[in-house]
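**Q** Below is a structure I'd like to ask you about.
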Amino acid sequence: LPMYRQTNKASKNYRKSYTNRKFAIEQESFVEPQNIPELRRIIEITDYDSGEPITHKLELYKTDRIDCYKVLV
C-alpha cells in the first residue's frame with residue numbers, strides 16, 4: 001500500500017513531464033557533431049626568473065583520442 005494517494009491532477013502532470021523529458025532527450029540526439037579544428041589551443045608561458053622575459057609557446061593539436069593532444073613547442 002502506498003503511503004499517500006496520488007490525485008488525478010498529479011498523475012496527469014507526472015505523465016506530461018515524463019513525455020516532455022522524453023521529447024527533449026530525443027531532440028538532443030539529433031544535434032550534429034561539431035567540426036573540431038586541428039589546432040585546438042595555444043598556451044603561452046612567459047618566464048621572468050632569468051632577468052629578461054622568455055616566452056614559450058605550446059601549440060596543442062587534436063589527436064584521435066579525446067583526452068590527448070599533440071604538442072609542438
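Naming works like this for the C-alpha cells: A, B, ... for the chains as they're shown, residue 1 at the start of each chain, ligands 1 onward in shown order.
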Excluding same-chain residues fewer than 2 positions from A:Tyr69, what lies within 10 Å of it counting only C-alpha atoms, as a PyMOL selection string?
**A** chain A and resi 39-41+59-67+71-72
**Q** Once you have the residues from the selection above, write them out as a PDB file, in the first residue's frame, restricted to N, CA, C and O atoms.
**A**
```
ATOM      1  N   LEU A  39      44.192  22.716 -34.878  1.00  0.00           N
ATOM      2  CA  LEU A  39      44.847  23.454 -33.788  1.00  0.00           C
ATOM      3  C   LEU A  39      43.788  23.787 -32.756  1.00  0.00           C
ATOM      4  O   LEU A  39      42.891  24.592 -32.996  1.00  0.00           O
ATOM      5  N   ARG A  40      43.878  23.151 -31.590  1.00  0.00           N
ATOM      6  CA  ARG A  40      42.844  23.311 -30.570  1.00  0.00           C
ATOM      7  C   ARG A  40      43.134  24.460 -29.624  1.00  0.00           C
ATOM      8  O   ARG A  40      42.259  25.246 -29.299  1.00  0.00           O
ATOM      9  N   ARG A  41      44.396  24.575 -29.131  1.00  0.00           N
ATOM     10  CA  ARG A  41      44.724  25.592 -28.140  1.00  0.00           C
ATOM     11  C   ARG A  41      46.156  26.059 -28.350  1.00  0.00           C
ATOM     12  O   ARG A  41      46.997  25.311 -28.829  1.00  0.00           O
ATOM     13  N   GLU A  59      51.658  24.708 -28.771  1.00  0.00           N
ATOM     14  CA  GLU A  59      50.509  24.553 -29.669  1.00  0.00           C
ATOM     15  C   GLU A  59      49.950  23.156 -29.472  1.00  0.00           C
ATOM     16  O   GLU A  59      50.659  22.170 -29.619  1.00  0.00           O
ATOM     17  N   LEU A  60      48.678  23.081 -29.132  1.00  0.00           N
ATOM     18  CA  LEU A  60      48.019  21.806 -28.874  1.00  0.00           C
ATOM     19  C   LEU A  60      47.124  21.454 -30.064  1.00  0.00           C
ATOM     20  O   LEU A  60      46.208  22.196 -30.402  1.00  0.00           O
ATOM     21  N   TYR A  61      47.426  20.319 -30.690  1.00  0.00           N
ATOM     22  CA  TYR A  61      46.676  19.850 -31.849  1.00  0.00           C
ATOM     23  C   TYR A  61      45.829  18.644 -31.470  1.00  0.00           C
ATOM     24  O   TYR A  61      46.175  17.889 -30.565  1.00  0.00           O
ATOM     25  N   LYS A  62      44.741  18.457 -32.200  1.00  0.00           N
ATOM     26  CA  LYS A  62      43.855  17.335 -31.882  1.00  0.00           C
ATOM     27  C   LYS A  62      44.489  16.024 -32.319  1.00  0.00           C
ATOM     28  O   LYS A  62      45.323  15.970 -33.227  1.00  0.00           O
ATOM     29  N   THR A  63      44.089  14.953 -31.634  1.00  0.00           N
ATOM     30  CA  THR A  63      44.506  13.604 -31.986  1.00  0.00           C
ATOM     31  C   THR A  63      43.253  12.743 -32.120  1.00  0.00           C
ATOM     32  O   THR A  63      42.130  13.245 -31.996  1.00  0.00           O
ATOM     33  N   ASP A  64      43.436  11.463 -32.347  1.00  0.00           N
ATOM     34  CA  ASP A  64      42.286  10.575 -32.474  1.00  0.00           C
ATOM     35  C   ASP A  64      41.660  10.224 -31.125  1.00  0.00           C
ATOM     36  O   ASP A  64      40.602   9.623 -31.068  1.00  0.00           O
ATOM     37  N   ARG A  65      42.306  10.627 -30.031  1.00  0.00           N
ATOM     38  CA  ARG A  65      41.754  10.425 -28.687  1.00  0.00           C
ATOM     39  C   ARG A  65      41.218  11.744 -28.154  1.00  0.00           C
ATOM     40  O   ARG A  65      41.741  12.810 -28.474  1.00  0.00           O
ATOM     41  N   ILE A  66      40.197  11.679 -27.299  1.00  0.00           N
ATOM     42  CA  ILE A  66      39.611  12.914 -26.769  1.00  0.00           C
ATOM     43  C   ILE A  66      40.361  13.431 -25.559  1.00  0.00           C
ATOM     44  O   ILE A  66      40.161  14.566 -25.152  1.00  0.00           O
ATOM     45  N   ASP A  67      41.233  12.616 -24.967  1.00  0.00           N
ATOM     46  CA  ASP A  67      41.926  13.032 -23.746  1.00  0.00           C
ATOM     47  C   ASP A  67      43.407  13.310 -23.972  1.00  0.00           C
ATOM     48  O   ASP A  67      44.157  13.432 -23.023  1.00  0.00           O
ATOM     49  N   VAL A  71      51.526  18.018 -28.980  1.00  0.00           N
ATOM     50  CA  VAL A  71      52.056  19.313 -28.544  1.00  0.00           C
ATOM     51  C   VAL A  71      53.291  19.664 -29.333  1.00  0.00           C
ATOM     52  O   VAL A  71      54.219  18.851 -29.445  1.00  0.00           O
ATOM     53  N   LEU A  72      53.324  20.881 -29.876  1.00  0.00           N
ATOM     54  CA  LEU A  72      54.517  21.418 -30.529  1.00  0.00           C
ATOM     55  C   LEU A  72      55.004  22.589 -29.693  1.00  0.00           C
ATOM     56  O   LEU A  72      54.236  23.488 -29.353  1.00  0.00           O
TER      57      LEU A  72
END
```
**Q** What's the separation between atom CA of A:Val73 and atom CA of A:Ile42, in Å to one decimal place?
**A** 10.1 Å
**Q** From chain A, collect each residue whose DSSP state is strand (DSSP E or B) and return the set as a count of residues only.
**A** 22
**Q** Can you pull out every residue within 8 Å of A:Glu44, counting only C-alpha atoms, but drop anything in the same chain fewer than 6 positions away, and send it as an mmCIF file with N, CA and C atoms, in the first residue's frame?
**A**
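Listed below is the output, result-v3.cif:
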```
data_model
loop_
_atom_site.group_PDB
_atom_site.id
_atom_site.type_symbol
_atom_site.label_atom_id
_atom_site.label_comp_id
_atom_site.auth_asym_id
_atom_site.auth_seq_id
_atom_site.Cartn_x
_atom_site.Cartn_y
_atom_site.Cartn_z
ATOM 1 N N THR A 55 59.534 33.813 -23.496
ATOM 2 C CA THR A 55 58.191 33.308 -23.775
ATOM 3 C C THR A 55 58.281 31.961 -24.487
ATOM 4 N N HIS A 56 57.563 30.989 -23.960
ATOM 5 C CA HIS A 56 57.460 29.665 -24.573
ATOM 6 C C HIS A 56 56.044 29.530 -25.121
ATOM 7 N N LYS A 57 55.937 29.013 -26.325
ATOM 8 C CA LYS A 57 54.630 28.867 -26.961
ATOM 9 C C LYS A 57 54.364 27.375 -27.182
ATOM 10 N N LEU A 58 53.243 26.884 -26.646
ATOM 11 C CA LEU A 58 52.827 25.499 -26.808
ATOM 12 C C LEU A 58 51.590 25.464 -27.695
#
```
**Q** Determine which residues of chain A DSSP labels as alpha helix (DSSP H) from the backbone of this structure, then write them out as an MDAnalysis selection string.
**A** chainID A and resid 8:28
**Q** In Å, with one decimal, what is the gap from atom CA of A:Lys70 to atom CA of A:Glu38?
**A**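 These atoms are spaced 9.9 Å apart.
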